[in-house]
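Visitor: Provided herewith is a single structure, encoded as structure tokens, for subsequent inquiry.
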Amino acid sequence: MFKIVAKESLNPTVSKMVISAPAIAKKAEPGQFIILRVDEDGERIPLTIADFDRENGTVTIIYQIVGGTTKALDAKKEGEYICDFVGPLGRATETDGIKKVAVIGGGVGCAIALPVAKKLHELGAEVHSVVGFRNKDLVILQKEFTEYSDKYIIMTDDGSIGEKGLVTDALKKLIESGEKYDEVIAIGPLIMMKFVCKLTKEYGIKTTVSMNPIMIDGTGMCGGCRLTVGGKVKFACVDGPDFDGHEVDFDEAMDRGTMYREFERHSYEETCNLLNKSVEA
Amino acid sequence: MPNMSLKKNEMPHQAPEVRARNFKEVALGYTAEQAIDEAKRCLNCKNRPCVSGCPVNIAIPEFIALVAEGDFEGAYNVITRQSSLPAVCGRVCPQETQCESKCVRGIKGEPVAIGRLERFVADWHNANCNTLPVAPESNGHKVAVIGSGPSGLACAGDLAKKGYSVTVFEALHVAGGVLVYGIPEFRLPKAIVAKEIETLKALGVEIKTNYVVGKTVSIDELMKEEGFEAVFIGSGAGLPRFMGIEGENLKGVYSANEFLTRINLMKAYKEDSKTPIFRAKRVAVCGGGNVAMDAARSALRLGADEVYIVYRRGESELPARAEEVEHAKEEGVIFKLLTNPTKILKGENGMVGGMECVEMTLGEPDASGRRRPVVKEGSEFVLDVDCVIMAIGTSPNPLIKSTTDGLDTEKWGGIIADETGLTSREGVYAGGDAVTGAATVILAMGAGKTAASAIDEQLKNK
């Protein structure tokens, strides 16, 4: 059992949890992920590590409430326990040799982009962060990003905060204005990563993306997380989750991501009903 | 006076049309009367050929003689001298190619049903004896076992009985390895695996779940920082293989590992399960081994109308146990033999829309001694399916190899170990599928036991 030592709501659908997991905190690096099970008979879901504290033995996760499992997770309170928590899985993000980087975060993907921006900042790289949200109510981690970035640009769909437009608009502007990046690291919805990669390919800038496909064991056993990278089949759990964005078949990944959409919707509604019932009782 | 019947006592089964739609165990086991009657078929030969066919050398005639006398607990004690998992092995061992293949009664008629008797004895013990073993006095030595599948559990059990302090590290949230994620409930009920693991815990074995060696902790850290004097790697065969044909990443294409893990470990077969599974109507399972049979029979039980086994060689080349093939056929699985998939077709919404295949004929024997399948010209056809399950084997998991300096592996990834299980690293042993590639539960158990005695030799002389 793993104790929830702190919990905080970042926006109406995104929450942060700090979990006591000393063995994982000791090894975790930015870019890696954990797999958790909320309770007995629960589903195993992967979540990328948002932060870790080796001294206090904690690992931070940030999740969006999208389905039954994340709904059930969010019903847990500070001081309560989650059943299983395993990691750190996957490879850490490569940061060697990066002097100047653009970190692109979309929505809850910012939670994963942040530790990468933080590490690069601590290594002395110049970090330009471009983050995108639908509107100002959904913005997360603004303070933290500002702290670790030399430039911080917010883009929103409706212009309610920052500039109106897409992260790719801002990135294009930066590149056009003469910023020379060793690498672009993009983490967010597949469609965002696809278009960031399309843009950076035109300019020939190396681009790393973090993939978050459907997974079960997270150790290479099930093959459910496979994707096509450079024409070859790769397993996100052991070969990734970071990949060369110019080689990833995003359309296939997007399609595979919809495999259980109906089931998820159903499970989300059921969990909501269950939780409502327990509130009524 | 021995029972001279040429035939084994039949074991009661659920009727095929009934069991093909439920996940309850197929075989129901002998009654005490049937077991005693079957045990009396044993001639108690002096040279005990059956024992030489057993990878863990169970004293077979000795336990069978006790069954014949009605001393079932005595028989259980004889079996557990060698085997830590009798209720499992009585169910999943390929006895027909091991102990039973050497049985003298098999020369004229059927061999003694050794497997069924082993199963009976273990089940009788589990139903009637609630006493757990007592942990022996500690000898002060610490050993780490990586993986809680058959090889790890066998190794841990033998060492614990000798007084070693054993910690088993398991990557998943529950112990048992392939016994819980791979082999389905209808062939090996999970309650049986749980019971065998309880027995090991009573012997003092500590099991740490959610621990991925190679990620959470490395072998070097276990030995240098945590004081383990020896390590046994029983991490199993990991990565599922795919054929490399077009369409393998379409929705509705599973590796057998994923399909079975969702059903067995994650209980997707239960109506109220939180784990999603695609309940397909027409399923093709590619491959001819036991895993392929398990996947096909599971697909039927999930409600498929038609399930095909697609295998490129012929019936006699099927690597699955004859009994599993027989069960699958009885339940209605359709065998498309001498057939090879060439392409998976895309249907609506990116789902599987069919599978293109070619027919094969058998040519000259290849390196494996089996006749090589050759494509029959112009035989292309499309199998109308909406789900494809690849059950064509696995390759070893790279997590341990890539984080353990000086651990030599074969080109294909298997860990190199000598006949005692010792690897290229001092104090590090390995066995089971991680060394041999995909094989059987009992061979893995045998390797775990061999390594346990080598570890004992190494540490007791220290």
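Residue numbering restarts at 1 for every chain of the structure tokens, chains are lettered A, B, ... in their displayed order, and ligands are numbered from 1 as they appear.
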If we count only C-alpha atoms, which residues of chain A reach to within 6 Å of chain B? Please list them as a PyMOL selection string.
Guide: chain A and resi 24+43+86-87+220-222+256
Visitor: What does the file look like for those residues with C-alpha atoms, as a CSV table (one decimal), in the first residue's frame?
Guide:
```
chain,number,residue,atom,x,y,z
A,24,ILE,CA,10.9,4.6,-6.7
A,43,GLU,CA,-7.2,-1.4,-13.7
A,86,VAL,CA,5.4,0.5,-9.4
A,87,GLY,CA,8.3,2.0,-11.2
A,220,GLY,CA,7.6,-5.2,-22.1
A,221,MET,CA,5.5,-8.3,-21.4
A,222,CYS,CA,2.1,-7.5,-23.1
A,256,ARG,CA,-4.8,2.7,-31.3
```
Visitor: For the helix (DSSP H, G or I) assignment from backbone DSSP, which residues of region 47-273 of chain A qualify? Please present them as a PDB file with C-alpha atoms, in the first residue's frame.
Guide:
```pdb
ATOM      1  CA  GLY A  68     -13.276   5.339 -14.370  1.00  0.00           C
ATOM      2  CA  THR A  69      -9.820   4.694 -12.944  1.00  0.00           C
ATOM      3  CA  THR A  70      -8.717   8.332 -12.727  1.00  0.00           C
ATOM      4  CA  LYS A  71     -12.128   9.164 -11.248  1.00  0.00           C
ATOM      5  CA  ALA A  72     -11.626   6.490  -8.574  1.00  0.00           C
ATOM      6  CA  LEU A  73      -8.088   7.723  -7.962  1.00  0.00           C
ATOM      7  CA  ASP A  74      -9.353  11.246  -7.488  1.00  0.00           C
ATOM      8  CA  GLY A 107      -2.776  20.595 -21.309  1.00  0.00           C
ATOM      9  CA  VAL A 108      -2.021  17.959 -18.698  1.00  0.00           C
ATOM     10  CA  GLY A 109       1.105  17.106 -20.750  1.00  0.00           C
ATOM     11  CA  CYS A 110       2.659  20.117 -18.996  1.00  0.00           C
ATOM     12  CA  ALA A 111       2.917  17.927 -15.905  1.00  0.00           C
ATOM     13  CA  ILE A 112       5.367  15.698 -17.749  1.00  0.00           C
ATOM     14  CA  ALA A 113       7.110  18.538 -19.549  1.00  0.00           C
ATOM     15  CA  LEU A 114       7.845  20.352 -16.300  1.00  0.00           C
ATOM     16  CA  PRO A 115      10.402  17.917 -14.797  1.00  0.00           C
ATOM     17  CA  VAL A 116      12.235  17.896 -18.136  1.00  0.00           C
ATOM     18  CA  ALA A 117      12.311  21.714 -18.227  1.00  0.00           C
ATOM     19  CA  LYS A 118      13.461  21.726 -14.604  1.00  0.00           C
ATOM     20  CA  LYS A 119      16.290  19.258 -15.216  1.00  0.00           C
ATOM     21  CA  LEU A 120      17.519  21.104 -18.312  1.00  0.00           C
ATOM     22  CA  HIS A 121      17.381  24.389 -16.400  1.00  0.00           C
ATOM     23  CA  GLU A 122      19.418  22.874 -13.581  1.00  0.00           C
ATOM     24  CA  LYS A 136      -7.363  30.362 -18.524  1.00  0.00           C
ATOM     25  CA  ASP A 137      -9.258  28.154 -16.050  1.00  0.00           C
ATOM     26  CA  LEU A 138      -7.303  25.119 -17.214  1.00  0.00           C
ATOM     27  CA  GLN A 142       2.399  28.444 -14.333  1.00  0.00           C
ATOM     28  CA  LYS A 143       4.540  29.409 -11.338  1.00  0.00           C
ATOM     29  CA  GLU A 144       6.783  26.352 -11.641  1.00  0.00           C
ATOM     30  CA  PHE A 145       7.320  26.767 -15.373  1.00  0.00           C
ATOM     31  CA  THR A 146       8.193  30.428 -14.933  1.00  0.00           C
ATOM     32  CA  GLU A 147      10.799  29.454 -12.347  1.00  0.00           C
ATOM     33  CA  TYR A 148      12.617  27.023 -14.648  1.00  0.00           C
ATOM     34  CA  VAL A 167       1.572  26.210 -29.410  1.00  0.00           C
ATOM     35  CA  THR A 168       2.806  25.663 -32.956  1.00  0.00           C
ATOM     36  CA  ASP A 169       2.051  29.333 -33.774  1.00  0.00           C
ATOM     37  CA  ALA A 170       4.240  30.461 -30.883  1.00  0.00           C
ATOM     38  CA  LEU A 171       6.996  27.971 -31.681  1.00  0.00           C
ATOM     39  CA  LYS A 172       7.032  29.034 -35.316  1.00  0.00           C
ATOM     40  CA  LYS A 173       7.324  32.661 -34.260  1.00  0.00           C
ATOM     41  CA  LEU A 174      10.266  31.876 -31.977  1.00  0.00           C
ATOM     42  CA  ILE A 175      12.082  29.938 -34.682  1.00  0.00           C
ATOM     43  CA  GLU A 176      11.351  32.631 -37.298  1.00  0.00           C
ATOM     44  CA  LEU A 190      -1.004  13.268 -29.894  1.00  0.00           C
ATOM     45  CA  ILE A 191      -2.459  15.770 -32.342  1.00  0.00           C
ATOM     46  CA  MET A 192      -0.370  18.565 -30.810  1.00  0.00           C
ATOM     47  CA  MET A 193       2.811  16.506 -30.919  1.00  0.00           C
ATOM     48  CA  LYS A 194       2.080  15.538 -34.514  1.00  0.00           C
ATOM     49  CA  PHE A 195       1.833  19.160 -35.613  1.00  0.00           C
ATOM     50  CA  VAL A 196       4.840  20.288 -33.564  1.00  0.00           C
ATOM     51  CA  CYS A 197       6.844  17.573 -35.334  1.00  0.00           C
ATOM     52  CA  LYS A 198       5.512  18.620 -38.728  1.00  0.00           C
ATOM     53  CA  LEU A 199       6.694  22.160 -38.033  1.00  0.00           C
ATOM     54  CA  THR A 200      10.128  21.282 -36.646  1.00  0.00           C
ATOM     55  CA  LYS A 201      10.766  18.883 -39.500  1.00  0.00           C
ATOM     56  CA  GLU A 202      10.502  21.819 -41.905  1.00  0.00           C
ATOM     57  CA  TYR A 203      13.224  23.559 -39.941  1.00  0.00           C
ATOM     58  CA  ALA A 236       6.689   2.481 -25.464  1.00  0.00           C
ATOM     59  CA  CYS A 237       7.240   0.911 -22.040  1.00  0.00           C
ATOM     60  CA  VAL A 238      10.769  -0.377 -22.598  1.00  0.00           C
ATOM     61  CA  ASP A 239      11.980   1.413 -25.749  1.00  0.00           C
ATOM     62  CA  PHE A 250       1.087   9.505 -35.022  1.00  0.00           C
ATOM     63  CA  ASP A 251      -1.985   8.572 -37.049  1.00  0.00           C
ATOM     64  CA  GLU A 252      -1.602   4.933 -36.079  1.00  0.00           C
ATOM     65  CA  ALA A 253      -0.989   5.888 -32.436  1.00  0.00           C
ATOM     66  CA  MET A 254      -4.120   8.061 -32.412  1.00  0.00           C
ATOM     67  CA  ASP A 255      -6.159   5.239 -33.861  1.00  0.00           C
ATOM     68  CA  ARG A 256      -4.827   2.700 -31.339  1.00  0.00           C
ATOM     69  CA  ARG A 261     -13.126   4.605 -25.909  1.00  0.00           C
ATOM     70  CA  GLU A 262     -16.661   3.236 -25.549  1.00  0.00           C
ATOM     71  CA  PHE A 263     -15.679   1.037 -22.619  1.00  0.00           C
ATOM     72  CA  GLU A 264     -13.949   3.993 -20.956  1.00  0.00           C
ATOM     73  CA  ARG A 265     -16.998   6.227 -21.301  1.00  0.00           C
ATOM     74  CA  HIS A 266     -19.148   3.507 -19.801  1.00  0.00           C
ATOM     75  CA  SER A 267     -16.708   2.848 -16.954  1.00  0.00           C
ATOM     76  CA  TYR A 268     -16.463   6.580 -16.206  1.00  0.00           C
ATOM     77  CA  GLU A 269     -20.230   6.881 -15.907  1.00  0.00           C
ATOM     78  CA  GLU A 270     -20.427   3.788 -13.710  1.00  0.00           C
ATOM     79  CA  THR A 271     -17.718   5.069 -11.391  1.00  0.00           C
ATOM     80  CA  CYS A 272     -19.500   8.423 -11.156  1.00  0.00           C
ATOM     81  CA  ASN A 273     -22.736   6.652 -10.257  1.00  0.00           C
TER      82      ASN A 273
END
```
Visitor: Let's see if you can do this: from backbone DSSP, list all strand (DSSP E) residues in region 125-315 of chain B, as a ChimeraX atom specification.
Guide: /B:142-146,165-169,206-208,230-233,237-240,253-255,282-286,306-310
Visitor: Given the choices B:Phe169, B:Tyr308, B:Tyr181, B:Tyr269, which gets closest to Leu222 (chain B) if the distance is worked out from only C-alpha atoms?
Guide: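 Smallest separation from Leu222 (chain B) among the options: B:Phe169.
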Visitor: Could you list, as an mmCIF file with C-alpha atoms, in the first residue's frame, every residue within 7 Å of Ile205 (chain A), counting only C-alpha atoms and ignoring same-chain residues fewer than 6 positions away?
Guide:
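Result file is around-v1.cif:
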```
data_model
loop_
_atom_site.group_PDB
_atom_site.id
_atom_site.type_symbol
_atom_site.label_atom_id
_atom_site.label_comp_id
_atom_site.auth_asym_id
_atom_site.auth_seq_id
_atom_site.Cartn_x
_atom_site.Cartn_y
_atom_site.Cartn_z
ATOM 1 C CA ASP A 182 19.383 22.165 -30.229
ATOM 2 C CA GLU A 183 16.187 20.282 -29.620
ATOM 3 C CA VAL A 184 12.436 20.648 -29.200
#
```
Visitor: Could you state the separation of CA of Ser9 (chain A) and CA of Ala28 (chain A) in Å, given to one decimal place?
Guide: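 Computing it gives 23.3 Å between the two atoms.
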Visitor: Give me the residues near Leu153 (chain B) as a PyMOL selection string, where near means some atom within 8 Å (using only C-alpha atoms) and where sequence neighbours in that chain fewer than 2 positions away do not count.
Guide: chain B and resi 84+148-151+155-157+176+197+200+445+448
Visitor: Using all heavy atoms, can you write the selected residues to a file as a short mmCIF file (atom, residue, chain, number, x, y, z; two decimals), in the first residue's frame?
Guide:
```cif
data_model
loop_
_atom_site.label_atom_id
_atom_site.label_comp_id
_atom_site.auth_asym_id
_atom_site.auth_seq_id
_atom_site.Cartn_x
_atom_site.Cartn_y
_atom_site.Cartn_z
N SER B 84 7.48 -28.17 -5.20
CA SER B 84 6.83 -27.17 -4.36
C SER B 84 5.44 -26.82 -4.87
O SER B 84 4.72 -26.11 -4.20
CB SER B 84 7.66 -25.88 -4.29
OG SER B 84 8.93 -26.05 -4.81
N SER B 148 8.33 -14.37 -9.67
CA SER B 148 7.62 -15.35 -8.85
C SER B 148 6.85 -16.34 -9.70
O SER B 148 5.80 -16.82 -9.33
CB SER B 148 6.68 -14.62 -7.89
OG SER B 148 5.70 -13.90 -8.61
N GLY B 149 7.39 -16.64 -10.89
CA GLY B 149 6.81 -17.69 -11.72
C GLY B 149 7.32 -19.05 -11.25
O GLY B 149 7.91 -19.16 -10.17
N PRO B 150 7.10 -20.09 -12.06
CA PRO B 150 7.46 -21.45 -11.64
C PRO B 150 8.92 -21.62 -11.21
O PRO B 150 9.18 -22.25 -10.19
CB PRO B 150 7.16 -22.29 -12.88
CG PRO B 150 6.23 -21.47 -13.70
CD PRO B 150 6.45 -20.04 -13.37
N SER B 151 9.87 -21.07 -11.96
CA SER B 151 11.27 -21.30 -11.59
C SER B 151 11.61 -20.57 -10.30
O SER B 151 12.27 -21.11 -9.41
CB SER B 151 12.22 -20.86 -12.73
OG SER B 151 12.26 -19.45 -12.85
N CYS B 155 12.71 -22.39 -6.77
CA CYS B 155 14.01 -22.06 -6.19
C CYS B 155 13.81 -21.53 -4.77
O CYS B 155 14.48 -21.96 -3.83
CB CYS B 155 14.70 -21.02 -7.08
SG CYS B 155 16.35 -20.60 -6.54
N ALA B 156 12.86 -20.62 -4.61
CA ALA B 156 12.60 -20.01 -3.30
C ALA B 156 12.17 -21.08 -2.29
O ALA B 156 12.63 -21.10 -1.15
CB ALA B 156 11.52 -18.94 -3.44
N GLY B 157 11.29 -21.98 -2.72
CA GLY B 157 10.78 -23.02 -1.83
C GLY B 157 11.89 -23.92 -1.32
O GLY B 157 12.00 -24.19 -0.12
N GLY B 176 3.09 -15.12 -8.87
CA GLY B 176 2.70 -16.31 -9.62
C GLY B 176 3.20 -16.31 -11.05
O GLY B 176 3.24 -17.34 -11.71
N ILE B 197 1.29 -20.45 -3.02
CA ILE B 197 2.13 -19.32 -2.61
C ILE B 197 2.02 -19.09 -1.10
O ILE B 197 3.01 -18.79 -0.45
CB ILE B 197 1.79 -18.07 -3.45
CG1 ILE B 197 2.34 -18.28 -4.87
CG2 ILE B 197 2.38 -16.80 -2.83
CD1 ILE B 197 1.86 -17.33 -5.90
N LEU B 200 4.43 -21.31 0.55
CA LEU B 200 5.80 -20.80 0.51
C LEU B 200 6.01 -19.70 1.54
O LEU B 200 7.05 -19.65 2.20
CB LEU B 200 6.11 -20.23 -0.88
CG LEU B 200 6.36 -21.23 -2.00
CD1 LEU B 200 6.76 -20.50 -3.27
CD2 LEU B 200 7.46 -22.22 -1.61
N MET B 445 10.57 -25.15 -13.27
CA MET B 445 10.68 -25.57 -11.87
C MET B 445 11.94 -26.37 -11.64
O MET B 445 12.65 -26.19 -10.65
CB MET B 445 9.48 -26.43 -11.48
CG MET B 445 8.28 -25.63 -11.07
SD MET B 445 6.99 -26.73 -10.48
CE MET B 445 7.86 -27.66 -9.22
N GLY B 448 14.83 -24.10 -11.45
CA GLY B 448 14.83 -23.38 -10.17
C GLY B 448 15.38 -24.25 -9.06
O GLY B 448 16.15 -23.79 -8.21
#
```
Visitor: Write out as a ChimeraX atom specification the residues lying within 12 Å of region 71-74 of chain B, counting only C-alpha atoms and excluding same-chain residues fewer than 4 positions away.
Guide: /B:31-33,35-36,39,62-67,78-81,117-131
Visitor: Would you save the residues from that selection as a compact mmCIF listing (two decimals), in the first residue's frame, using C-alpha atoms?
Guide:
```txt
# COMPACT_ATOMS: atom_id res chain seq x y z
CA THR B 31 -12.79 -39.08 -6.76
CA ALA B 32 -10.96 -41.01 -4.01
CA GLU B 33 -12.32 -44.29 -5.42
CA ALA B 35 -7.73 -42.46 -7.62
CA ILE B 36 -7.27 -45.67 -5.64
CA ALA B 39 -3.14 -46.17 -8.42
CA GLU B 62 6.27 -44.49 -3.87
CA PHE B 63 3.52 -41.85 -3.85
CA ILE B 64 1.25 -43.98 -6.04
CA ALA B 65 1.63 -46.96 -3.67
CA LEU B 66 0.43 -44.72 -0.82
CA VAL B 67 -2.55 -43.56 -2.90
CA VAL B 78 6.33 -37.87 -0.86
CA ILE B 79 5.54 -35.53 -3.77
CA THR B 80 6.45 -32.36 -1.87
CA ARG B 81 9.91 -33.71 -1.07
CA LEU B 117 -3.00 -38.87 -9.47
CA GLU B 118 -0.61 -36.06 -8.59
CA ARG B 119 -3.44 -33.59 -9.05
CA PHE B 120 -5.78 -35.69 -6.93
CA VAL B 121 -3.27 -35.93 -4.09
CA ALA B 122 -2.55 -32.19 -4.07
CA ASP B 123 -6.24 -31.27 -4.23
CA TRP B 124 -7.06 -33.75 -1.49
CA HIS B 125 -4.40 -32.18 0.71
CA ASN B 126 -5.61 -28.64 -0.02
CA ALA B 127 -9.21 -29.60 0.76
CA ASN B 128 -8.52 -31.63 3.89
CA CYS B 129 -5.39 -30.31 5.56
CA ASN B 130 -5.23 -26.76 6.71
CA THR B 131 -1.86 -27.09 8.39
```
Visitor: Of the candidates B:Gln14, B:Asn22, B:Asn3, B:Gln82, which one gets nearest to Ile442 (chain B) if we count only C-alpha atoms?
Guide: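 The closest residue to Ile442 (chain B) is B:Gln82.
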Visitor: Once you count only C-alpha atoms, what closest atom pair and distance in Å to one decimal does each residue of region 12-94 of chain A within 9 Å of region 241-247 of chain A have, with rows by chain and rising residue number, as JSON lines?
Guide:
```
{"residue": "A:Gly31", "atom": "CA", "partner": "A:Asp242", "partner_atom": "CA", "distance": 7.2}
{"residue": "A:Gln32", "atom": "CA", "partner": "A:Pro241", "partner_atom": "CA", "distance": 7.4}
{"residue": "A:Phe33", "atom": "CA", "partner": "A:Pro241", "partner_atom": "CA", "distance": 8.3}
{"residue": "A:Gly90", "atom": "CA", "partner": "A:Pro241", "partner_atom": "CA", "distance": 6.0}
{"residue": "A:Arg91", "atom": "CA", "partner": "A:Pro241", "partner_atom": "CA", "distance": 6.7}
{"residue": "A:Ala92", "atom": "CA", "partner": "A:Asp242", "partner_atom": "CA", "distance": 7.9}
{"residue": "A:Thr93", "atom": "CA", "partner": "A:Asp242", "partner_atom": "CA", "distance": 6.5}
{"residue": "A:Glu94", "atom": "CA", "partner": "A:Asp242", "partner_atom": "CA", "distance": 8.6}
```
Visitor: With C-alpha atoms retained, write the just-selected residues as a PDB file, in the first residue's frame.
Guide:
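After the write, part_35.pdb holds the following:
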```
ATOM      1  CA  GLY A  31      10.596  11.215 -18.545  1.00  0.00           C
ATOM      2  CA  GLN A  32       9.990   7.969 -16.661  1.00  0.00           C
ATOM      3  CA  PHE A  33       6.595   6.723 -15.556  1.00  0.00           C
ATOM      4  CA  GLY A  90      10.698   3.411 -19.200  1.00  0.00           C
ATOM      5  CA  ARG A  91      13.849   5.305 -20.163  1.00  0.00           C
ATOM      6  CA  ALA A  92      14.693   8.729 -18.794  1.00  0.00           C
ATOM      7  CA  THR A  93      14.598  11.709 -21.155  1.00  0.00           C
ATOM      8  CA  GLU A  94      17.988  12.267 -22.835  1.00  0.00           C
TER       9      GLU A  94
END
```
Visitor: Within 12 Å of Ala447 (chain B), counting only C-alpha atoms, which residues show up once you throw out same-chain ones fewer than 3 positions away? Write them as JSON, numbers by chain, please.
Guide: {"B": [55, 56, 149, 150, 151, 152, 153, 154, 155, 156, 158, 232, 233, 234, 236, 417, 418, 419, 420, 421, 422, 429, 430, 431, 432, 433, 434, 435, 436, 439, 440, 441, 442, 443, 444, 450, 451, 452, 453, 454]}
Visitor: Kindly indicate which residue among B:Ala175, B:Val358, B:Ile107, B:Leu300 lies nearest to Glu17 (chain B), using only C-alpha atoms for the distances.
Guide: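 That would be B:Leu300, the residue with the smallest distance to Glu17 (chain B).
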Visitor: Do a neighbour search on Val291 (chain B) at 8 Å with only C-alpha atoms, toss out local chain neighbours closer than 5 positions, and write the hits as a PyMOL selection string.
Guide: chain B and resi 182-183+256+320+391
Visitor: Would you mind exporting the chosen residues as a compact mmCIF listing (two decimals), in the first residue's frame, restricted to N, CA and C atoms?
Guide:
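As written to disk, again_3.txt reads:
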```
# COMPACT_ATOMS: atom_id res chain seq x y z
N GLY B 182 -0.80 -15.81 -17.40
CA GLY B 182 -0.84 -16.52 -18.68
C GLY B 182 -1.82 -17.66 -18.74
N ILE B 183 -1.68 -18.62 -17.84
CA ILE B 183 -2.52 -19.83 -17.93
C ILE B 183 -3.92 -19.50 -17.40
N ALA B 256 -0.73 -12.67 -27.61
CA ALA B 256 -1.40 -13.60 -26.69
C ALA B 256 -1.15 -13.14 -25.25
N ALA B 320 1.52 -27.79 -29.11
CA ALA B 320 0.67 -27.86 -27.92
C ALA B 320 0.51 -29.30 -27.45
N ALA B 391 0.19 -15.63 -31.20
CA ALA B 391 0.71 -16.51 -30.15
C ALA B 391 1.88 -17.28 -30.75
```
Visitor: Expressed in Å to a single decimal, how great is the separation between CA of Arg134 (chain A) and CA of Ser210 (chain A)?
Guide: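 These two atoms are separated by 20.6 Å.
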